[in-house]
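Report on the structure given below.
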Amino acid sequence: MNFQKIMVPVVGLAGVVLAYRFYGWPGVAAAASVLVFWLLLHFSRMMQVLKRAANRPIGHVDSAVMLNARLKPGMTLMHVIAMTRALGERQSARDEQPELFRWTDGTASHVTCTFVGGKLAQHELFRPDQAAS
């Protein structure tokens, strides 16, 4: 179970209740303003990341090897999209866990990422064999 989905609203509500308890209605107004500001910051960042990704082909990255080196387990899908500046090419069925996304570069190398619950569980780099010259 993802406790972050439960704990963030609980902490926000607790902050509003504590603000009322110690400062009355002006405290509630201040706590609610802080919560709305925090939500707007996250929404603004998400929209900026998706706006940048909209201008690139789906599943394209400049260098799959560099992407592979920068990936770490536990990263969110939004963080990976921000790094690649492109949406990943979906490899799994829609609304199915785990989610598989692939990013390919110009040399046909690709990184396949497995996301479980929106977090990176594993990633794999594939590099095609180079023909001997």
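Chain labels A, B, ... are given in the sequence in which chains occur in the structure tokens; within each chain residues are numbered consecutively from 1, and ligands are likewise numbered from 1 in the order shown.
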Report task. Just the helix (DSSP H, G or I) stuff from range 43-77 of chain A, please, per backbone DSSP, written as a ChimeraX atom specification. Result -> /A:43-54,64-70,77
Print the selection's residues with N, CA and C atoms to a file, as a PDB file, in the first residue's frame.
ATOM      1  N   PHE A  43       1.638  21.135  -9.286  1.00  0.00           N
ATOM      2  CA  PHE A  43       0.898  21.157 -10.543  1.00  0.00           C
ATOM      3  C   PHE A  43       1.681  21.916 -11.614  1.00  0.00           C
ATOM      4  N   SER A  44       2.278  23.031 -11.230  1.00  0.00           N
ATOM      5  CA  SER A  44       3.053  23.830 -12.174  1.00  0.00           C
ATOM      6  C   SER A  44       4.260  23.043 -12.695  1.00  0.00           C
ATOM      7  N   ARG A  45       4.952  22.339 -11.820  1.00  0.00           N
ATOM      8  CA  ARG A  45       6.108  21.532 -12.245  1.00  0.00           C
ATOM      9  C   ARG A  45       5.673  20.424 -13.197  1.00  0.00           C
ATOM     10  N   MET A  46       4.561  19.763 -12.875  1.00  0.00           N
ATOM     11  CA  MET A  46       4.074  18.693 -13.733  1.00  0.00           C
ATOM     12  C   MET A  46       3.712  19.224 -15.122  1.00  0.00           C
ATOM     13  N   MET A  47       3.051  20.371 -15.178  1.00  0.00           N
ATOM     14  CA  MET A  47       2.672  20.942 -16.468  1.00  0.00           C
ATOM     15  C   MET A  47       3.903  21.360 -17.271  1.00  0.00           C
ATOM     16  N   GLN A  48       4.930  21.879 -16.611  1.00  0.00           N
ATOM     17  CA  GLN A  48       6.163  22.270 -17.303  1.00  0.00           C
ATOM     18  C   GLN A  48       6.865  21.047 -17.886  1.00  0.00           C
ATOM     19  N   VAL A  49       6.933  19.969 -17.126  1.00  0.00           N
ATOM     20  CA  VAL A  49       7.567  18.730 -17.606  1.00  0.00           C
ATOM     21  C   VAL A  49       6.802  18.179 -18.809  1.00  0.00           C
ATOM     22  N   LEU A  50       5.490  18.136 -18.718  1.00  0.00           N
ATOM     23  CA  LEU A  50       4.695  17.605 -19.821  1.00  0.00           C
ATOM     24  C   LEU A  50       4.732  18.516 -21.037  1.00  0.00           C
ATOM     25  N   LYS A  51       4.844  19.831 -20.839  1.00  0.00           N
ATOM     26  CA  LYS A  51       4.958  20.766 -21.966  1.00  0.00           C
ATOM     27  C   LYS A  51       6.258  20.532 -22.732  1.00  0.00           C
ATOM     28  N   ARG A  52       7.355  20.306 -21.982  1.00  0.00           N
ATOM     29  CA  ARG A  52       8.630  20.014 -22.642  1.00  0.00           C
ATOM     30  C   ARG A  52       8.575  18.673 -23.372  1.00  0.00           C
ATOM     31  N   ALA A  53       7.916  17.690 -22.771  1.00  0.00           N
ATOM     32  CA  ALA A  53       7.838  16.359 -23.377  1.00  0.00           C
ATOM     33  C   ALA A  53       6.945  16.359 -24.618  1.00  0.00           C
ATOM     34  N   ALA A  54       6.016  17.284 -24.697  1.00  0.00           N
ATOM     35  CA  ALA A  54       5.106  17.331 -25.843  1.00  0.00           C
ATOM     36  C   ALA A  54       5.826  17.728 -27.126  1.00  0.00           C
ATOM     37  N   ALA A  64      20.765   6.701 -24.886  1.00  0.00           N
ATOM     38  CA  ALA A  64      20.231   5.667 -24.010  1.00  0.00           C
ATOM     39  C   ALA A  64      21.254   5.258 -22.953  1.00  0.00           C
ATOM     40  N   VAL A  65      22.528   5.288 -23.314  1.00  0.00           N
ATOM     41  CA  VAL A  65      23.580   4.911 -22.368  1.00  0.00           C
ATOM     42  C   VAL A  65      23.646   5.919 -21.217  1.00  0.00           C
ATOM     43  N   MET A  66      23.573   7.197 -21.525  1.00  0.00           N
ATOM     44  CA  MET A  66      23.589   8.227 -20.477  1.00  0.00           C
ATOM     45  C   MET A  66      22.337   8.157 -19.617  1.00  0.00           C
ATOM     46  N   LEU A  67      21.195   7.879 -20.229  1.00  0.00           N
ATOM     47  CA  LEU A  67      19.971   7.721 -19.452  1.00  0.00           C
ATOM     48  C   LEU A  67      20.106   6.543 -18.499  1.00  0.00           C
ATOM     49  N   ASN A  68      20.628   5.443 -18.980  1.00  0.00           N
ATOM     50  CA  ASN A  68      20.809   4.258 -18.143  1.00  0.00           C
ATOM     51  C   ASN A  68      21.705   4.562 -16.950  1.00  0.00           C
ATOM     52  N   ALA A  69      22.747   5.370 -17.170  1.00  0.00           N
ATOM     53  CA  ALA A  69      23.674   5.698 -16.090  1.00  0.00           C
ATOM     54  C   ALA A  69      23.029   6.596 -15.033  1.00  0.00           C
ATOM     55  N   ARG A  70      22.054   7.416 -15.431  1.00  0.00           N
ATOM     56  CA  ARG A  70      21.436   8.359 -14.501  1.00  0.00           C
ATOM     57  C   ARG A  70      20.227   7.788 -13.761  1.00  0.00           C
ATOM     58  N   LEU A  77       8.015   8.224 -12.298  1.00  0.00           N
ATOM     59  CA  LEU A  77       7.870   8.330 -13.747  1.00  0.00           C
ATOM     60  C   LEU A  77       7.999   9.782 -14.183  1.00  0.00           C
TER      61      LEU A  77
END
Can you list, as a PDB file with C-alpha atoms, in the first residue's frame, every protein, DNA or RNA residue that comes within 8 Å of Arg90 in chain A when you count only C-alpha atoms, leaving out same-chain residues fewer than 3 positions away?
ATOM      1  CA  ALA A  93      -0.994  -3.046 -21.542  1.00  0.00           C
ATOM      2  CA  GLU A  99       4.201  -0.572 -16.342  1.00  0.00           C
ATOM      3  CA  LEU A 100       6.935  -0.879 -18.974  1.00  0.00           C
ATOM      4  CA  PHE A 101       8.223   2.124 -20.912  1.00  0.00           C
ATOM      5  CA  ARG A 102      11.026   2.302 -23.470  1.00  0.00           C
TER       6      ARG A 102
END
Kindly assemble as a Markdown table a list of the range 29-97 of chain A residues that lie within 6 Å of range 104-114 of chain A, each paired with its nearest atom pair and their distance in Å to one decimal, using only C-alpha atoms, sorted first by chain and then by ascending residue number.
| residue | atom | partner | partner_atom | distance |
| --- | --- | --- | --- | --- |
| A:Gly59 | CA | A:Thr104 | CA | 5.9 |
| A:His60 | CA | A:Thr104 | CA | 5.0 |
| A:Val61 | CA | A:Asp105 | CA | 5.1 |
| A:Asp62 | CA | A:Asp105 | CA | 5.5 |
| A:Ser63 | CA | A:Asp105 | CA | 5.5 |
| A:Ala64 | CA | A:His110 | CA | 5.5 |
Take the residues that were just selected and, keeping N, CA and C atoms, output them as an mmCIF file, in the first residue's frame.
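Heads up, here's the output in out31.cif:
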data_model
loop_
_atom_site.group_PDB
_atom_site.id
_atom_site.type_symbol
_atom_site.label_atom_id
_atom_site.label_comp_id
_atom_site.auth_asym_id
_atom_site.auth_seq_id
_atom_site.Cartn_x
_atom_site.Cartn_y
_atom_site.Cartn_z
ATOM 1 N N GLY A 59 9.118 8.280 -26.891
ATOM 2 C CA GLY A 59 10.102 7.216 -26.757
ATOM 3 C C GLY A 59 11.485 7.553 -27.267
ATOM 4 N N HIS A 60 11.787 8.831 -27.519
ATOM 5 C CA HIS A 60 13.112 9.204 -28.030
ATOM 6 C C HIS A 60 13.927 9.859 -26.921
ATOM 7 N N VAL A 61 15.204 9.514 -26.884
ATOM 8 C CA VAL A 61 16.144 10.122 -25.941
ATOM 9 C C VAL A 61 17.452 10.360 -26.695
ATOM 10 N N ASP A 62 18.199 11.372 -26.270
ATOM 11 C CA ASP A 62 19.454 11.686 -26.963
ATOM 12 C C ASP A 62 20.465 10.558 -26.836
ATOM 13 N N SER A 63 20.627 9.984 -25.651
ATOM 14 C CA SER A 63 21.588 8.904 -25.443
ATOM 15 C C SER A 63 21.025 7.917 -24.433
ATOM 16 N N ALA A 64 20.765 6.701 -24.886
ATOM 17 C CA ALA A 64 20.231 5.667 -24.010
ATOM 18 C C ALA A 64 21.254 5.258 -22.953
#
Report task. Could you find all residues in range 15-130 of chain A that DSSP calls strand (DSSP E) from the backbone, and write them as a ChimeraX atom specification? Result -> /A:89-90,99-104,110-116,119-126
Query raised in the report: CA of Ile58 in chain A and CA of Gly88 in chain A, how far apart in Å?
Result: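 So the answer is 5.9 Å.
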